[in-house]
Amino acid sequence: MQQRTIVHMMRHGEVHNPDGILYGRLPGFHLSDLGAAQAQKVADALADHDITHVFASPLQRAQETATPVATSHGLEIITDEGLIEADNTFEGLRVSVGDGALRRPRHWAKLRDPFTPSWGEPYIQLAHRMLAVANKAREEAKGHEAICVSHQLPVYTLRRFLEGQRLWHDPRKRQCSLASLTSLLYDGDALVDIVYSEPAGASDPLQTGA
């Protein structure tokens, strides 16, 4: 009988972002009070799970989201660059529909290719680096569970890759709420299921920054 392993790919909680910018990889963006509560809700939901490893993106919001889970299981957070937010040339700008950078002609060239995409890290590169972390987590937590705290686009791109879907997609339809879990279930080394859950509740997939 093969060993059952679960790797939970988790999106971080809500971020304090009063100016509504796309913060991307910028430093200094921490969880809001709601975001901290979301992280704690997930930790509470996973309290009786057999979690042996906690990985997290190096960005502050991911580290803060991972802390309650790591604390409740007596674990150290393993920082992994492979979980970092996608690179994006609009980082630091307002990109809401109807205002901000997207209305300025000088930025339109960045939107020429939505399939790669032209404004940031290629989807396939993103999927591959996230898959590398998932494989590492599966190996290190074999027979148990691991959690990897990342960001909306990396988590959702990995899911689409594993499900054999095209990687370019409509951001408005992403199933990846704040502090949600996209859980990869393995039988030995074989991925047998992907289960999505929202222990902290649903949220708007278009929330800036991810």
# chains A, B, ... in the order shown; residues from 1 in each chain; ligands from 1
$ select_by_dssp --residues "region 5-173 of chain A" --states "strand (DSSP E or B)" --output "ChimeraX atom specification"
/A:5-11,15,31,51-56,77-79,88,120,145-150
$ closest_atom_pairs --of "region 117-168 of chain A" --to "region 49-67 of chain A" --cutoff "6 Å" --atoms "only C-alpha atoms" --output "CSV"
residue,atom,partner,partner_atom,distance
A:His144,CA,A:Asp50,CA,5.7
A:Glu145,CA,A:Ile51,CA,4.5
A:Ala146,CA,A:His53,CA,4.8
A:Ile147,CA,A:Val54,CA,5.0
A:Cys148,CA,A:Phe55,CA,4.5
A:Val149,CA,A:Ala56,CA,4.5
A:Ser150,CA,A:Ser57,CA,5.4
$ write_last_selection --atoms "C-alpha atoms" --output "PDB file, in the first residue's frame"
ATOM      1  CA  HIS A 144       2.005  13.090   6.516  1.00  0.00           C
ATOM      2  CA  GLU A 145       0.843  16.608   5.548  1.00  0.00           C
ATOM      3  CA  ALA A 146       2.658  19.805   4.590  1.00  0.00           C
ATOM      4  CA  ILE A 147       1.419  23.338   4.070  1.00  0.00           C
ATOM      5  CA  CYS A 148       2.924  25.793   1.572  1.00  0.00           C
ATOM      6  CA  VAL A 149       1.856  29.428   1.945  1.00  0.00           C
ATOM      7  CA  SER A 150       2.017  31.366  -1.311  1.00  0.00           C
TER       8      SER A 150
END
$ select_by_dssp --residues "region 123-179 of chain A" --states "helix (DSSP H, G or I)" --output "ChimeraX atom specification"
/A:123-140,152-162,171-173
$ write_last_selection --atoms "N, CA, C and O atoms" --output "compact mmCIF listing (two decimals), in the first residue's frame"
# COMPACT_ATOMS: atom_id res chain seq x y z
N TYR A 123 3.48 32.18 -17.33
CA TYR A 123 2.69 31.22 -16.57
C TYR A 123 3.39 29.87 -16.43
O TYR A 123 3.35 29.24 -15.37
N ILE A 124 4.02 29.41 -17.51
CA ILE A 124 4.65 28.09 -17.46
C ILE A 124 5.82 28.07 -16.47
O ILE A 124 6.03 27.09 -15.76
N GLN A 125 6.57 29.17 -16.42
CA GLN A 125 7.67 29.27 -15.45
C GLN A 125 7.12 29.25 -14.03
O GLN A 125 7.68 28.60 -13.13
N LEU A 126 6.04 29.97 -13.83
CA LEU A 126 5.38 30.03 -12.53
C LEU A 126 4.90 28.64 -12.11
O LEU A 126 5.12 28.20 -10.96
N ALA A 127 4.27 27.93 -13.04
CA ALA A 127 3.78 26.58 -12.73
C ALA A 127 4.92 25.64 -12.37
O ALA A 127 4.82 24.86 -11.40
N HIS A 128 6.01 25.72 -13.09
CA HIS A 128 7.13 24.81 -12.85
C HIS A 128 7.80 25.05 -11.50
O HIS A 128 8.16 24.10 -10.79
N ARG A 129 7.97 26.33 -11.13
CA ARG A 129 8.62 26.57 -9.83
C ARG A 129 7.71 26.20 -8.67
O ARG A 129 8.17 25.71 -7.63
N MET A 130 6.40 26.38 -8.84
CA MET A 130 5.47 25.97 -7.79
C MET A 130 5.42 24.45 -7.69
O MET A 130 5.33 23.89 -6.59
N LEU A 131 5.45 23.77 -8.83
CA LEU A 131 5.45 22.31 -8.82
C LEU A 131 6.70 21.77 -8.14
O LEU A 131 6.63 20.77 -7.41
N ALA A 132 7.83 22.43 -8.33
CA ALA A 132 9.07 21.99 -7.68
C ALA A 132 8.94 22.05 -6.16
O ALA A 132 9.39 21.14 -5.45
N VAL A 133 8.29 23.09 -5.66
CA VAL A 133 8.08 23.20 -4.20
C VAL A 133 7.10 22.13 -3.73
O VAL A 133 7.30 21.50 -2.69
N ALA A 134 6.03 21.92 -4.48
CA ALA A 134 5.06 20.89 -4.10
C ALA A 134 5.71 19.51 -4.04
O ALA A 134 5.45 18.73 -3.11
N ASN A 135 6.57 19.22 -5.01
CA ASN A 135 7.27 17.94 -5.01
C ASN A 135 8.22 17.81 -3.82
O ASN A 135 8.33 16.75 -3.20
N LYS A 136 8.90 18.91 -3.51
CA LYS A 136 9.79 18.91 -2.35
C LYS A 136 9.01 18.68 -1.06
O LYS A 136 9.40 17.88 -0.21
N ALA A 137 7.88 19.38 -0.93
CA ALA A 137 7.05 19.23 0.27
C ALA A 137 6.51 17.80 0.38
O ALA A 137 6.47 17.23 1.47
N ARG A 138 6.11 17.23 -0.75
CA ARG A 138 5.61 15.85 -0.74
C ARG A 138 6.68 14.88 -0.27
O ARG A 138 6.43 13.98 0.54
N GLU A 139 7.91 15.06 -0.74
CA GLU A 139 9.01 14.18 -0.34
C GLU A 139 9.35 14.32 1.14
O GLU A 139 9.53 13.32 1.84
N GLU A 140 9.41 15.55 1.62
CA GLU A 140 9.83 15.78 3.00
C GLU A 140 8.75 15.41 4.01
O GLU A 140 9.05 15.06 5.15
N GLN A 152 -2.06 34.17 -4.67
CA GLN A 152 -3.18 33.72 -5.48
C GLN A 152 -2.77 33.18 -6.86
O GLN A 152 -3.11 32.05 -7.23
N LEU A 153 -2.06 33.99 -7.63
CA LEU A 153 -1.72 33.56 -8.99
C LEU A 153 -0.82 32.33 -9.00
O LEU A 153 -1.08 31.40 -9.77
N PRO A 154 0.24 32.26 -8.19
CA PRO A 154 1.04 31.04 -8.19
C PRO A 154 0.24 29.79 -7.83
O PRO A 154 0.38 28.75 -8.48
N VAL A 155 -0.60 29.88 -6.80
CA VAL A 155 -1.39 28.71 -6.39
C VAL A 155 -2.37 28.31 -7.49
O VAL A 155 -2.48 27.13 -7.84
N TYR A 156 -3.07 29.28 -8.04
CA TYR A 156 -4.08 28.96 -9.05
C TYR A 156 -3.45 28.46 -10.35
O TYR A 156 -3.99 27.57 -11.02
N THR A 157 -2.30 29.02 -10.72
CA THR A 157 -1.60 28.56 -11.92
C THR A 157 -1.15 27.11 -11.75
O THR A 157 -1.26 26.30 -12.69
N LEU A 158 -0.63 26.77 -10.58
CA LEU A 158 -0.23 25.38 -10.32
C LEU A 158 -1.42 24.45 -10.45
O LEU A 158 -1.33 23.38 -11.07
N ARG A 159 -2.55 24.84 -9.89
CA ARG A 159 -3.74 24.00 -9.99
C ARG A 159 -4.15 23.78 -11.45
O ARG A 159 -4.43 22.64 -11.86
N ARG A 160 -4.18 24.84 -12.24
CA ARG A 160 -4.56 24.70 -13.64
C ARG A 160 -3.57 23.80 -14.39
O ARG A 160 -3.96 22.98 -15.23
N PHE A 161 -2.30 23.94 -14.08
CA PHE A 161 -1.28 23.10 -14.71
C PHE A 161 -1.51 21.63 -14.38
O PHE A 161 -1.48 20.76 -15.26
N LEU A 162 -1.75 21.33 -13.11
CA LEU A 162 -1.94 19.94 -12.69
C LEU A 162 -3.23 19.35 -13.24
O LEU A 162 -3.32 18.14 -13.47
N PRO A 171 -8.95 36.37 -14.69
CA PRO A 171 -8.69 36.55 -13.25
C PRO A 171 -9.96 36.64 -12.41
O PRO A 171 -9.95 36.33 -11.23
N ARG A 172 -11.07 37.06 -13.03
CA ARG A 172 -12.32 37.22 -12.29
C ARG A 172 -12.92 35.88 -11.89
O ARG A 172 -13.83 35.82 -11.05
N LYS A 173 -12.41 34.80 -12.48
CA LYS A 173 -13.00 33.49 -12.23
C LYS A 173 -12.07 32.57 -11.44
O LYS A 173 -12.30 31.37 -11.36
$ residues_around --residues "Val15 (chain A)" --least-positions-apart "3" --cutoff "9 Å" --atoms "only C-alpha atoms" --output "JSON, numbers by chain"
{"A": [12, 29, 30, 31, 32, 33, 34, 35, 36, 61, 209, 210]}
$ write_last_selection --atoms "N, CA, C and O atoms" --output "compact mmCIF listing (two decimals), in the first residue's frame"
# COMPACT_ATOMS: atom_id res chain seq x y z
N HIS A 12 -2.19 33.43 1.17
CA HIS A 12 -2.09 34.23 2.38
C HIS A 12 -3.41 34.94 2.68
O HIS A 12 -4.32 35.03 1.84
N PHE A 29 4.42 44.88 3.25
CA PHE A 29 2.97 44.70 3.24
C PHE A 29 2.61 43.54 4.16
O PHE A 29 2.91 42.39 3.89
N HIS A 30 1.94 43.89 5.26
CA HIS A 30 1.63 42.91 6.29
C HIS A 30 0.13 42.60 6.29
O HIS A 30 -0.67 43.28 5.64
N LEU A 31 -0.26 41.59 7.04
CA LEU A 31 -1.66 41.23 7.12
C LEU A 31 -2.47 42.31 7.83
O LEU A 31 -1.99 42.94 8.78
N SER A 32 -3.69 42.50 7.38
CA SER A 32 -4.64 43.34 8.12
C SER A 32 -5.13 42.56 9.33
O SER A 32 -4.81 41.37 9.51
N ASP A 33 -5.92 43.19 10.17
CA ASP A 33 -6.50 42.48 11.32
C ASP A 33 -7.35 41.31 10.83
O ASP A 33 -7.32 40.22 11.41
N LEU A 34 -8.09 41.54 9.75
CA LEU A 34 -8.90 40.45 9.18
C LEU A 34 -8.01 39.34 8.67
O LEU A 34 -8.29 38.15 8.86
N GLY A 35 -6.91 39.71 8.01
CA GLY A 35 -5.99 38.72 7.48
C GLY A 35 -5.39 37.85 8.57
O GLY A 35 -5.25 36.63 8.41
N ALA A 36 -5.04 38.47 9.69
CA ALA A 36 -4.49 37.71 10.82
C ALA A 36 -5.54 36.75 11.37
O ALA A 36 -5.23 35.60 11.72
N ARG A 61 3.58 38.96 4.16
CA ARG A 61 2.21 38.51 4.33
C ARG A 61 2.10 36.98 4.37
O ARG A 61 1.24 36.44 5.07
N GLY A 209 -3.38 42.79 -5.40
CA GLY A 209 -2.10 42.39 -4.80
C GLY A 209 -1.88 40.92 -4.72
O GLY A 209 -0.82 40.43 -5.06
N ALA A 210 -2.87 40.16 -4.25
CA ALA A 210 -2.81 38.70 -4.16
C ALA A 210 -1.59 38.21 -3.41
O ALA A 210 -1.34 37.07 -3.30
$ residues_around --residues "Ala190 (chain A)" --least-positions-apart "3" --cutoff "12 Å" --atoms "only C-alpha atoms" --output "short mmCIF file (atom, residue, chain, number, x, y, z; two decimals) with C-alpha atoms, in the first residue's frame"
data_model
loop_
_atom_site.label_atom_id
_atom_site.label_comp_id
_atom_site.auth_asym_id
_atom_site.auth_seq_id
_atom_site.Cartn_x
_atom_site.Cartn_y
_atom_site.Cartn_z
CA GLN A 2 1.33 3.44 -0.97
CA GLN A 3 1.78 6.23 1.54
CA ARG A 4 -0.86 8.96 1.53
CA THR A 5 0.57 12.49 1.61
CA ILE A 6 -1.24 15.82 1.45
CA ASN A 135 7.27 17.94 -5.01
CA ARG A 138 5.61 15.85 -0.74
CA GLU A 139 9.01 14.18 -0.34
CA LYS A 142 5.90 11.70 2.99
CA LEU A 162 -1.94 19.94 -12.69
CA LEU A 184 -2.90 18.10 -3.37
CA LEU A 185 -3.57 14.49 -2.37
CA TYR A 186 -0.90 11.93 -3.23
CA ASP A 187 -0.83 8.15 -3.15
CA ASP A 193 -6.96 14.37 -6.25
CA ILE A 194 -7.08 18.14 -5.77
#
$ closest_atom_pairs --of "region 35-55 of chain A" --to "region 178-181 of chain A" --cutoff "10 Å" --atoms "only C-alpha atoms" --output "JSON lines"
{"residue": "A:Gly35", "atom": "CA", "partner": "A:Ala179", "partner_atom": "CA", "distance": 8.0}
{"residue": "A:Ala36", "atom": "CA", "partner": "A:Ala179", "partner_atom": "CA", "distance": 9.8}
{"residue": "A:Ala37", "atom": "CA", "partner": "A:Ala179", "partner_atom": "CA", "distance": 9.9}
{"residue": "A:Gln38", "atom": "CA", "partner": "A:Ala179", "partner_atom": "CA", "distance": 6.2}
{"residue": "A:Ala39", "atom": "CA", "partner": "A:Ala179", "partner_atom": "CA", "distance": 6.4}
{"residue": "A:Gln40", "atom": "CA", "partner": "A:Ala179", "partner_atom": "CA", "distance": 9.6}
{"residue": "A:Lys41", "atom": "CA", "partner": "A:Ala179", "partner_atom": "CA", "distance": 8.9}
{"residue": "A:Val42", "atom": "CA", "partner": "A:Ala179", "partner_atom": "CA", "distance": 7.2}
$ atom_distance --atom1 "CA of Arg174 (chain A)" --atom2 "CA of Ile77 (chain A)"
27.1 Å
$ closest_residue --among "A:Ile78, A:Cys176, A:Leu167, A:Ala43" --to "Met9 (chain A)" --atoms "only C-alpha atoms"
A:Cys176
